[in-house]
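Chemist: After the C-alpha cells below, expect a handful of questions from me.
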Number of protein chains: 2
Amino acid sequence: MTDTSAAHARAAARVHGTVRIVGAGLLGSSIGHALSGLGVDVALADSSPAQLRLAVDYGAGRVAREDDSPSLVVVAVPPDVTADVIERELAAHPDAVVTDVASVKLEPLRTLRERGVDIARYIGSHPLAGRERGGAIAARADIFVGRPWVVCRDGETSAADLALVEGLALDLGAMPLEMTPEDHDRSVALISHVPQLVASLLAGRFVDAPDGSLRLAGQGVRDTTRIAASAPELWVQILGANAAPVVDVLDALAGDLSDVADALREPDAPGARRAVADTIRRGNQGVERLPGKHGQNRRFEPVVVMVDDRPGQLGRLFGDLGALDVNVEDFRMEHSPGALFGLAEISVVPGAVQRAIDGLTARGWKIASTND
Amino acid sequence: MTDTSAAHARAAARVHGTVRIVGAGLLGSSIGHALSGLGVDVALADSSPAQLRLAVDYGAGRVAREDDSPSLVVVAVPPDVTADVIERELAAHPDAVVTDVASVKLEPLRTLRERGVDIARYIGSHPLAGRERGGAIAARADIFVGRPWVVCRDGETSAADLALVEGLALDLGAMPLEMTPEDHDRSVALISHVPQLVASLLAGRFVDAPDGSLRLAGQGVRDTTRIAASAPELWVQILGANAAPVVDVLDALAGDLSDVADALREPDAPGARRAVADTIRRGNQGVERLPGKHGQNRRFEPVVVMVDDRPGQLGRLFGDLGALDVNVEDFRMEHSPGALFGLAEISVVPGAVQRAIDGLTARGWKIASTND
C-alpha cells in the first residue's frame, strides 16, 4: 500500500491551473479532495450552499469565484441535469475543457447535439467508482484508485484536451479507458445495470416467501442478491437514462430464461437435460471471463477454517497465514444461521493449499468446508 | 471455536447401534466421519469398490457386512437412483429406519408410493451442506455444523423413528427443521435452484461480450454471478428432479422481468419511473428478509481499508482490529483490476465504526471506500 500511495502522492499533478468542480456531492467532493491533495487549485460550485459549505469545510477545495478562469471544468451533478450544466459551463468558460462524470454517456451528448451546442471542448467521462452513501461527507480521495475511468472522445476532440481529461483520471489513481458513448452505455447495461435489476428482481421474490423457506438460505443466494440492497433513487435515474441498452440485455435474458423454463417443463423430453446443462455450462464460461484480481482470470483453491465469533480470532488466523507465508487471494466469511462461529473461506493459489492446511492444523485451527 | 466443537465432541451420540451408509461420496463419507468421531459403528456400502475403499481408508467407517443389523440406514446416492436404493434398503433391513439426504424430497417419495412400497420406516431428509468438490476425499465431518437439516415426516412416522433421524442431524451439529416434502422442494427452488439458474443465465450473457465491456466489472456483478461457476452435472439432476417448483418461480420471475422491461421501453410514460423504483424497493425488502449472521437480519456498517498485496498484511489488519476490540461481522476483499493492492471491506456494528476508523488510521492504515 505505502509504496503505491507514496508514489501517487509524490507524482506531480498532470492537470494544471484551476480545476472547477460543479456539484459537491460524493464524486465531485472526492475529486476535489484528491486534486487538493496534489496541490491543485480546486474551485467548488454547488446549487446547495449547505452542501458547498460542507465540501469546503471537509477540505475538498475553495468556493468558486466569478473571476476564476479554470483550465478544466468537471460536471458532477445528477444525470437528469448533466446536459444543462455542461451547456452552461461551456458558455461560461470559453477557454476550458469541460468533462462530466455521469454514469450514462450517450443521453447528455445527444441532448447537447440536439440543442446545437458546440461540443468541441466537451469530453464525457465516467469513473467506475462510488460508495453506498452519497454526499460531501462520504467523499474520499481514494475511491478512484485502481478503478477504470472511461473517457469518450470523438472526432472533434483535440489531443491536448483528451490528455487533460485522461490526466485527471491518472492524477486520481484511476485507469483511463477510451470508449465510444455507445460502447460505454452498452457495457454498463450488461455489467452493472442489468445485474442490479436481476439481483433486485430475484430478491423481490423473497418478499412474500414463508420464513421457513428463507431459513434455508446459504451464502450462494446471499451473494447473488447482495446488491439488491442498493438505494432506489439514483438507480431510477440511471436506468431511465440508459433504458434502451438495458432493455436489449433484459430481452435477451428473458429469452434465455424462457428457453430453460421450457426445457424444465418437459424435463424428460429429448434435449431437455442438454439444454439445462448448456445453461449452467455457459454460465461457467461467462463468469470465467470476468476480470478477477489484477484483472486476470486466475483460479484459486478455497481453504475453509472454522473461527470463533470473538474479536481477534481473524487476526490470529491471518497472523498465522502470514507466518506460513500464505498470501490470501480472496476471503469471505460464511455465516451459519444459528451457529456461534463463522466459516472463513480463504482463497489461495493451488500451490499453497497444502501448506495452509497443514500449517493451520498444526496451529490448532479446524479446517472445515464451504456450504454452497 | 474450541468451546463449540469441544462441547460437540463431548456430547454422547444420539444415534445408537450400527448406522449403515449407502453411497460413500461427499455427503455419505462426511456423515461417516462425523459419526465415527462420536464412536458410532458406521457400516459403509458403495457400488464403486474404489470409492468405498477410499472412504474406509480416510476413516469414514468400515466396510458393511451381510450380517449387519443397522438401526438406521442413510441413503446418500445421486437423486436419480435414490428411490431405488431406499426401496431396496427398506426390504433388506426390516428393523431399520431408512432416511436419505437427496436435495429434492417429493420425487423419491412419489416414486416409492407409486410402487406401493410400505414407507412407514422411511423419513426423507436434506442437510443443506455441500462442497464445491465431491467424492470421499473431499469429505469432512464439519460440513453440517450450524447448517439447517430438513426432516420430512408424514402421518405414518413414529416419534421414535423421527427422533432417530433428528438425532442424526443433531449429532452432526446441524439444526433439524421439519417440513413437508412439498414445502421443502418449493423452498429450495426459490432459495437455491432459481438463484443458481439466474446467476448462470446472467453470466451466460458475458460469453460473447467484448473484453472492453468486461473490464468495467466491479464487485457487484462478481458477487451476483459467483455461483455461476458451479459444476453442471449435479445441477442437471437437481433441476430435473425439482422441475415443477423451479418452473413456477422462473415464470413469476419472467413476469416481473418483462414488467420492468416494458416500463423501461417507455421510460417517460406515466408510472414508468414508479415501476422501476418499486422493483428496486421490493429487492431492498426481499434481501432484508434473508437470514444473516446468527440467523438475524442485523445491519452492519462497512469500513473499507486499503491493503497491500503481500502475505501478512491482512494478519496485521485483523490483529489491529482485535487490539481495538472491534469484532468483524463480515469481510470481503475487493480486487481493483490492475491495482497492486486490495480493498478490504470490513462490516462492523454501527457503534464500532468510529472506533475502527480512528484506531486503524492511528495505526497507519488508509481508509478507502466501496466501489459498488
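Residue numbering restarts at 1 in every chain; chains get A, B, ... in the order shown in the C-alpha cells, and ligands count up from 1 in that same order.
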Using only C-alpha atoms, which protein or nucleic acid residues come within 10 Å of Thr111 in chain B? Drop anything in the same chain fewer than 5 positions from it, and give the result as a PyMOL selection string.
Modeler: chain B and resi 82-84+87+106+116-117
Chemist: Could you please write out, as a PyMOL selection string, every residue of range 61-117 of chain A that DSSP assigns to strand (DSSP E)?
Modeler: chain A and resi 62-63+72-75+97-100
Chemist: Would you mind exporting the chosen residues as a short mmCIF file (atom, residue, chain, number, x, y, z; two decimals), in the first residue's frame, restricted to all heavy atoms?
Modeler:
data_model
loop_
_atom_site.label_atom_id
_atom_site.label_comp_id
_atom_site.auth_asym_id
_atom_site.auth_seq_id
_atom_site.Cartn_x
_atom_site.Cartn_y
_atom_site.Cartn_z
N ARG A 62 -11.88 25.18 -2.52
CA ARG A 62 -12.37 26.51 -2.10
C ARG A 62 -13.67 26.82 -2.84
O ARG A 62 -14.01 26.17 -3.84
CB ARG A 62 -11.33 27.58 -2.40
CG ARG A 62 -11.01 27.71 -3.88
CD ARG A 62 -10.17 28.95 -4.19
NE ARG A 62 -9.73 28.98 -5.57
CZ ARG A 62 -10.47 29.47 -6.58
NH1 ARG A 62 -11.70 29.93 -6.36
NH2 ARG A 62 -9.99 29.46 -7.82
N VAL A 63 -14.39 27.83 -2.39
CA VAL A 63 -15.60 28.26 -3.08
C VAL A 63 -15.22 28.94 -4.40
O VAL A 63 -14.30 29.75 -4.43
CB VAL A 63 -16.42 29.24 -2.20
CG1 VAL A 63 -17.63 29.76 -2.97
CG2 VAL A 63 -16.85 28.56 -0.90
N LEU A 72 -9.93 23.32 -16.60
CA LEU A 72 -10.79 22.13 -16.69
C LEU A 72 -12.01 22.33 -15.80
O LEU A 72 -11.88 22.79 -14.67
CB LEU A 72 -10.00 20.89 -16.25
CG LEU A 72 -10.75 19.56 -16.19
CD1 LEU A 72 -11.18 19.11 -17.58
CD2 LEU A 72 -9.88 18.47 -15.54
N VAL A 73 -13.18 22.00 -16.33
CA VAL A 73 -14.42 22.01 -15.55
C VAL A 73 -14.93 20.58 -15.46
O VAL A 73 -15.06 19.90 -16.49
CB VAL A 73 -15.50 22.91 -16.19
CG1 VAL A 73 -16.79 22.85 -15.37
CG2 VAL A 73 -15.00 24.35 -16.30
N VAL A 74 -15.18 20.11 -14.23
CA VAL A 74 -15.72 18.77 -14.02
C VAL A 74 -17.17 18.89 -13.56
O VAL A 74 -17.44 19.45 -12.50
CB VAL A 74 -14.90 17.99 -12.97
CG1 VAL A 74 -15.49 16.59 -12.77
CG2 VAL A 74 -13.44 17.90 -13.39
N VAL A 75 -18.11 18.40 -14.38
CA VAL A 75 -19.53 18.44 -14.04
C VAL A 75 -19.90 17.14 -13.34
O VAL A 75 -19.81 16.06 -13.92
CB VAL A 75 -20.39 18.65 -15.31
CG1 VAL A 75 -21.86 18.56 -14.97
CG2 VAL A 75 -20.04 19.98 -15.96
N VAL A 97 -11.67 23.09 -20.91
CA VAL A 97 -12.18 21.79 -21.33
C VAL A 97 -13.24 21.39 -20.31
O VAL A 97 -13.05 21.59 -19.11
CB VAL A 97 -11.05 20.74 -21.37
CG1 VAL A 97 -11.62 19.34 -21.63
CG2 VAL A 97 -10.02 21.10 -22.42
N VAL A 98 -14.38 20.89 -20.77
CA VAL A 98 -15.46 20.50 -19.86
C VAL A 98 -15.67 19.00 -19.94
O VAL A 98 -15.78 18.43 -21.04
CB VAL A 98 -16.78 21.24 -20.21
CG1 VAL A 98 -17.91 20.77 -19.30
CG2 VAL A 98 -16.58 22.75 -20.09
N THR A 99 -15.68 18.33 -18.79
CA THR A 99 -15.98 16.91 -18.75
C THR A 99 -17.09 16.67 -17.72
O THR A 99 -17.43 17.57 -16.95
CB THR A 99 -14.73 16.06 -18.40
OG1 THR A 99 -15.06 14.67 -18.56
CG2 THR A 99 -14.30 16.28 -16.95
N ASP A 100 -17.68 15.48 -17.74
CA ASP A 100 -18.68 15.13 -16.73
C ASP A 100 -18.36 13.72 -16.25
O ASP A 100 -17.54 13.03 -16.84
CB ASP A 100 -20.11 15.20 -17.28
CG ASP A 100 -20.40 14.05 -18.22
OD1 ASP A 100 -19.59 13.85 -19.15
OD2 ASP A 100 -21.39 13.33 -18.02
#
Chemist: Just want the 7 Å neighbourhood of Val22 in chain A, counted on only C-alpha atoms, with same-chain residues fewer than 3 positions away dropped. Output as a list in words.
Modeler: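 Within the cut-off, the hits are Leu44, Ala45, Asp46, Val74, Val75, Ala76 and Val77 of chain A.
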Chemist: Given only C-alpha atoms as the basis, pick out the residue of B:Leu27, B:His193, B:Arg310, B:Leu264 nearest to Gly322 in chain A.
Modeler: B:Arg310
Chemist: Of the candidates A:His16, A:Ala43, A:Glu166, A:Ala217, which shows the shortest atom-to-atom distance to Trp149 in chain B, using only C-alpha atoms?
Modeler: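 Of the candidates, the smallest distance to Trp149 in chain B is held by A:Ala217.
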Chemist: Work out how far apart CA of Val207 in chain B and CA of Ala169 in chain A are and give it in Å to one decimal.
Modeler: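 Taking CA of Val207 in chain B and CA of Ala169 in chain A, their separation equals 29.3 Å.
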Chemist: Point out the residue among A:Arg363, A:Val349, A:Leu324, A:Asp142 with the least atom-to-atom distance to chain B, counting only C-alpha atoms.
Modeler: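 Counting only C-alpha atoms, the residue closest to chain B is A:Asp142.
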Chemist: Show me, as JSON, numbers by chain, the residues that have an atom within 7 Å of Arg332 in chain A when counting only C-alpha atoms, minus same-chain residues fewer than 4 positions from it.
Modeler: {"A": [344, 345, 346], "B": [331, 332]}
Chemist: Select, from A:Leu162, A:Ala275, A:Val188, A:Leu250, the residue with the minimum atom-to-atom distance to Lys105 in chain A, counting only C-alpha atoms.
Modeler: A:Val188
Chemist: Mind checking which residues fall within 6 Å of Ala203 in chain B, counting only C-alpha atoms, ignoring those fewer than 4 positions away in the same chain, and posting them as a JSON list (two decimals) with N, CA, C and O atoms, in the first residue's frame?
Modeler:
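Ended up saving to out24.json:
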[["chain", "number", "residue", "atom", "x", "y", "z"],
["A", 283, "GLY", "N", -22.83, -20.40, -18.20],
["A", 283, "GLY", "CA", -22.57, -19.58, -17.02],
["A", 283, "GLY", "C", -21.14, -19.75, -16.54],
["A", 283, "GLY", "O", -20.47, -18.78, -16.17],
["A", 286, "GLY", "N", -18.99, -17.74, -18.89],
["A", 286, "GLY", "CA", -19.17, -16.30, -18.74],
["A", 286, "GLY", "C", -18.49, -15.75, -17.50],
["A", 286, "GLY", "O", -17.79, -14.73, -17.55],
["A", 287, "VAL", "N", -18.67, -16.43, -16.38],
["A", 287, "VAL", "CA", -18.10, -15.93, -15.12],
["A", 287, "VAL", "C", -16.57, -16.01, -15.16],
["A", 287, "VAL", "O", -15.87, -15.20, -14.58],
["B", 225, "THR", "N", -22.80, -13.13, -9.81],
["B", 225, "THR", "CA", -22.60, -14.29, -10.69],
["B", 225, "THR", "C", -21.63, -15.33, -10.12],
["B", 225, "THR", "O", -21.28, -16.28, -10.82]]
Chemist: Show which residues sit within 12 Å of Glu178 in chain A, as a PyMOL selection string. Count only C-alpha atoms, and ignore same-chain residues fewer than 5 positions away.
Modeler: (chain A and resi 123-127+148-154+162-163+165-166+169+183-184) or (chain B and resi 212-213+215-216)
Chemist: Quick check, in Å to one decimal: how far apart do CA of Gly134 in chain B and CA of Gly25 in chain B lie?
Modeler: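 It comes out at 6.6 Å.
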Chemist: Which of range 266-331 of chain B counts as helix (DSSP H, G or I) under DSSP, as JSON, numbers by chain please?
Modeler: {"B": [272, 273, 274, 275, 276, 277, 278, 279, 280, 281, 282, 283, 284, 285, 286, 287, 288, 289, 293, 294, 295, 313, 314, 315, 316, 317, 318, 319, 320, 321, 322, 323]}
Chemist: Got a sec: who's within 12 Å of Asp259 in chain A, counting only C-alpha atoms, leaving out chain neighbours fewer than 6 positions off, as a PyMOL selection string?
Modeler: (chain A and resi 252-253+265-266+271-272+274-276+278-279) or (chain B and resi 197+201+247+250-251+254)
